[in-house]
Protein chains: 2
Amino acid sequence: MVFSWFRSRKRGIITPTLKPRVDKIEREERVDLADMTPDVVPFLAQVAYFELAVFESLTRAVSDSPTLNAKEGLSSVAGDALMKHHGLVAELRKKKVDPADAMAPFAPAIDRFEQLTVGRDWYETLLGVYLTAGFLDDFFARLVTGLPRALAPRIAELLETDRNAEIIVPLLTEGMAANPTLSSRLAVWGRRLVGDTQLVARSALQMSGNKDDDEQRLEPVFTDLIAAHSRRMDGLGLTA
Amino acid sequence: MVFSWFRSRKRGIITPTLKPRVDKIEREERVDLADMTPDVVPFLAQVAYFELAVFESLTRAVSDSPTLNAKEGLSSVAGDALMKHHGLVAELRKKKVDPADAMAPFAPAIDRFEQLTVGRDWYETLLGVYLTAGFLDDFFARLVTGLPRALAPRIAELLETDRNAEIIVPLLTEGMAANPTLSSRLAVWGRRLVGDTQLVARSALQMSGNKDDDEQRLEPVFTDLIAAHSRRMDGLGLTA
């Protein structure tokens, strides 16, 4: 079993200490999933591939931008995802891991997810990236505390590089102001996306094997993540 | 006339000094075109838009990559172009210029150029970006010495950020090794591109109005630029 192999490798080699890697205080501030964090290499690789996929979705939105202003702004958002991707790839290289080899196992699921969230037009693509990358960046951040202490702060900082995502909000609200039917279409689209996004998040976790325990552990985290999703929808004037 | 308006604005406001902006020594090291550099804002804006177009071409190549390794490598090359674009946009903002407004006049010609150089497949796209961005980055670098002294070193450094372009070479040579007919197709494509690229370069210059003088001034520069183009073709095993 892949999960138990990751687990034993992590327990045995990566963190050969019994000291808990997450303080009680940190844990109380924000519900995280440190005990479900996969091994370092698969974690870095899947987030790296995810950011590359976000970058690709955004570059399509850059190319299809109706104005040069939108193109310019979205290229900054794409730059954030690319910077995260390259930062994670650099960490894989430091570990003498070939990034392409490490990312390959995660490509099919993330590519399929990207296909599901591509949207029928520029606005749906923008909303798709904004909501799914918002959700999953937030989710991956909760796994960072489960990484080795020497690595976690660097990865936390890298994943917080999201200076430009809010550029998407006025692009969507201007579109909805100009076209009243767009709002209801985007509301449906936003509600649909959250299901697939949660499935991707769950598949990234290292479960204990005890289904009831796992569900109990996950429930408050997903409640938080969905609340953040609803706030993003609200910020766009959409009902989640 | 647009050129004479740029000229009078530059002479009158941006550089109200008679001190030559380029030393004799610099000029002898590399033939440059400092006296044909457009005004600061149009210069920054057209290079910014050009880098955005290079970024877009590369993102298409990223998406169409046949391997994850190629995708990863090309995303770094795209990142270089994006960094140049954002650096130039930041300089425009420092001057309280709206980047989209400043870039707009240059969009049609550069978009048309991008269409001409897009290629029929992934390999042609890669060769197109490698050759045309190589040529035009080299060309724009020769105009940088004509910018105000306070700005020129920053822009020179920004435009030299090209750490990753050589990643394209093995992608092309591997493709040609696997498919012998690709070499002759790419050789034809490479020779075709150089004409359109020179036209774009010429259109960026601020000519004196005296055609004979201008041609005499340009001839050694274009000889240099074409020699560099031939070296890039040689490096790929293609006859220029």
# chains A, B, ... in the order shown; residues from 1 in each chain; ligands from 1

call {"tool": "interface_residues", "arguments": {"of": "chain A", "to": "chain B", "cutoff": "7 Å", "atoms": "only C-alpha atoms", "output": "ChimeraX atom specification"}}
result
/A:56,59,63,68-69,100

call {"tool": "write_last_selection", "arguments": {"atoms": "N, CA, C and O atoms", "output": "PDB file, in the first residue's frame"}}
result
ATOM      1  N   GLU A  56      -0.890  27.149 -16.009  1.00  0.00           N
ATOM      2  CA  GLU A  56      -1.383  26.902 -17.368  1.00  0.00           C
ATOM      3  C   GLU A  56      -2.805  27.418 -17.567  1.00  0.00           C
ATOM      4  O   GLU A  56      -3.104  28.015 -18.601  1.00  0.00           O
ATOM      5  N   THR A  59      -2.559  31.105 -17.918  1.00  0.00           N
ATOM      6  CA  THR A  59      -1.991  31.593 -19.179  1.00  0.00           C
ATOM      7  C   THR A  59      -3.042  31.562 -20.289  1.00  0.00           C
ATOM      8  O   THR A  59      -3.024  32.427 -21.153  1.00  0.00           O
ATOM      9  N   SER A  63      -4.120  34.848 -22.435  1.00  0.00           N
ATOM     10  CA  SER A  63      -4.234  34.916 -23.904  1.00  0.00           C
ATOM     11  C   SER A  63      -5.620  35.367 -24.351  1.00  0.00           C
ATOM     12  O   SER A  63      -5.742  36.056 -25.353  1.00  0.00           O
ATOM     13  N   LEU A  68      -6.085  44.769 -22.617  1.00  0.00           N
ATOM     14  CA  LEU A  68      -4.657  44.695 -22.310  1.00  0.00           C
ATOM     15  C   LEU A  68      -4.433  44.830 -20.808  1.00  0.00           C
ATOM     16  O   LEU A  68      -3.501  44.247 -20.238  1.00  0.00           O
ATOM     17  N   ASN A  69      -5.316  45.586 -20.173  1.00  0.00           N
ATOM     18  CA  ASN A  69      -5.261  45.762 -18.727  1.00  0.00           C
ATOM     19  C   ASN A  69      -5.470  44.425 -18.003  1.00  0.00           C
ATOM     20  O   ASN A  69      -4.735  44.088 -17.079  1.00  0.00           O
ATOM     21  N   ALA A 100      10.510  16.189 -12.679  1.00  0.00           N
ATOM     22  CA  ALA A 100       9.535  15.585 -13.595  1.00  0.00           C
ATOM     23  C   ALA A 100       9.150  14.188 -13.117  1.00  0.00           C
ATOM     24  O   ALA A 100       7.963  13.827 -13.125  1.00  0.00           O
TER      25      ALA A 100
END

call {"tool": "residues_around", "arguments": {"residues": "segment 199-208 of chain A", "least_positions_apart": "6", "cutoff": "8 Å", "atoms": "only C-alpha atoms", "output": "list of chain:residue names"}}
result
A:Phe3, A:Arg7, A:Met36, A:Thr37, A:Pro38, A:Ala109, A:Ile110, A:Phe113, A:Leu136, A:Phe139, A:Asp214

call {"tool": "select_by_dssp", "arguments": {"residues": "segment 100-218 of chain B", "states": "helix (DSSP H, G or I)", "output": "PyMOL selection string"}}
result
chain B and resi 100-116+122-144+152-159+165-178+180-203+211-218

call {"tool": "residues_around", "arguments": {"residues": "Arg142 of chain B", "least_positions_apart": "4", "cutoff": "9 Å", "atoms": "only C-alpha atoms", "output": "PyMOL selection string"}}
result
chain B and resi 30-34+37+137-138+146+221

call {"tool": "residues_around", "arguments": {"residues": "Ala228 of chain B", "least_positions_apart": "5", "cutoff": "9 Å", "atoms": "only C-alpha atoms", "output": "PyMOL selection string"}}
result
chain B and resi 134-135+138+223+233

call {"tool": "write_last_selection", "arguments": {"atoms": "N, CA and C atoms", "output": "PDB file, in the first residue's frame"}}
result
ATOM      1  N   GLY B 134      15.621  35.808 -29.205  1.00  0.00           N
ATOM      2  CA  GLY B 134      17.079  35.978 -29.161  1.00  0.00           C
ATOM      3  C   GLY B 134      17.498  37.213 -29.942  1.00  0.00           C
ATOM      4  N   PHE B 135      16.982  37.330 -31.144  1.00  0.00           N
ATOM      5  CA  PHE B 135      17.314  38.458 -32.016  1.00  0.00           C
ATOM      6  C   PHE B 135      16.852  39.781 -31.403  1.00  0.00           C
ATOM      7  N   ASP B 138      18.492  40.961 -28.121  1.00  0.00           N
ATOM      8  CA  ASP B 138      19.819  41.459 -28.479  1.00  0.00           C
ATOM      9  C   ASP B 138      19.687  42.873 -29.076  1.00  0.00           C
ATOM     10  N   THR B 223      24.231  43.518 -39.330  1.00  0.00           N
ATOM     11  CA  THR B 223      25.236  42.484 -39.644  1.00  0.00           C
ATOM     12  C   THR B 223      25.572  41.688 -38.386  1.00  0.00           C
ATOM     13  N   MET B 233      21.455  29.334 -35.069  1.00  0.00           N
ATOM     14  CA  MET B 233      21.095  28.268 -36.036  1.00  0.00           C
ATOM     15  C   MET B 233      22.181  27.184 -36.030  1.00  0.00           C
TER      16      MET B 233
END

call {"tool": "atom_distance", "arguments": {"atom1": "atom CA of Leu172 of chain B", "atom2": "atom CA of Leu92 of chain A"}}
result
25.7 Å

call {"tool": "atom_distance", "arguments": {"atom1": "atom CA of Leu44 of chain A", "atom2": "atom CA of Thr145 of chain A"}}
result
13.1 Å

call {"tool": "residues_around", "arguments": {"residues": "Tyr130 of chain B", "least_positions_apart": "6", "cutoff": "9 Å", "atoms": "only C-alpha atoms", "output": "mmCIF file with N, CA and C atoms, in the first residue's frame"}}
result
data_model
loop_
_atom_site.group_PDB
_atom_site.id
_atom_site.type_symbol
_atom_site.label_atom_id
_atom_site.label_comp_id
_atom_site.auth_asym_id
_atom_site.auth_seq_id
_atom_site.Cartn_x
_atom_site.Cartn_y
_atom_site.Cartn_z
ATOM 1 N N ALA B 165 16.894 30.325 -21.595
ATOM 2 C CA ALA B 165 16.549 30.136 -23.009
ATOM 3 C C ALA B 165 17.243 28.927 -23.625
ATOM 4 N N GLU B 166 18.450 28.617 -23.164
ATOM 5 C CA GLU B 166 19.199 27.512 -23.775
ATOM 6 C C GLU B 166 18.567 26.141 -23.505
ATOM 7 N N ILE B 168 15.866 25.378 -24.520
ATOM 8 C CA ILE B 168 15.174 25.061 -25.775
ATOM 9 C C ILE B 168 16.049 24.218 -26.702
ATOM 10 N N VAL B 169 17.364 24.433 -26.677
ATOM 11 C CA VAL B 169 18.267 23.768 -27.634
ATOM 12 C C VAL B 169 18.167 22.234 -27.585
ATOM 13 N N ARG B 232 23.085 30.975 -33.504
ATOM 14 C CA ARG B 232 22.010 30.202 -32.864
ATOM 15 C C ARG B 232 21.570 29.044 -33.771
#
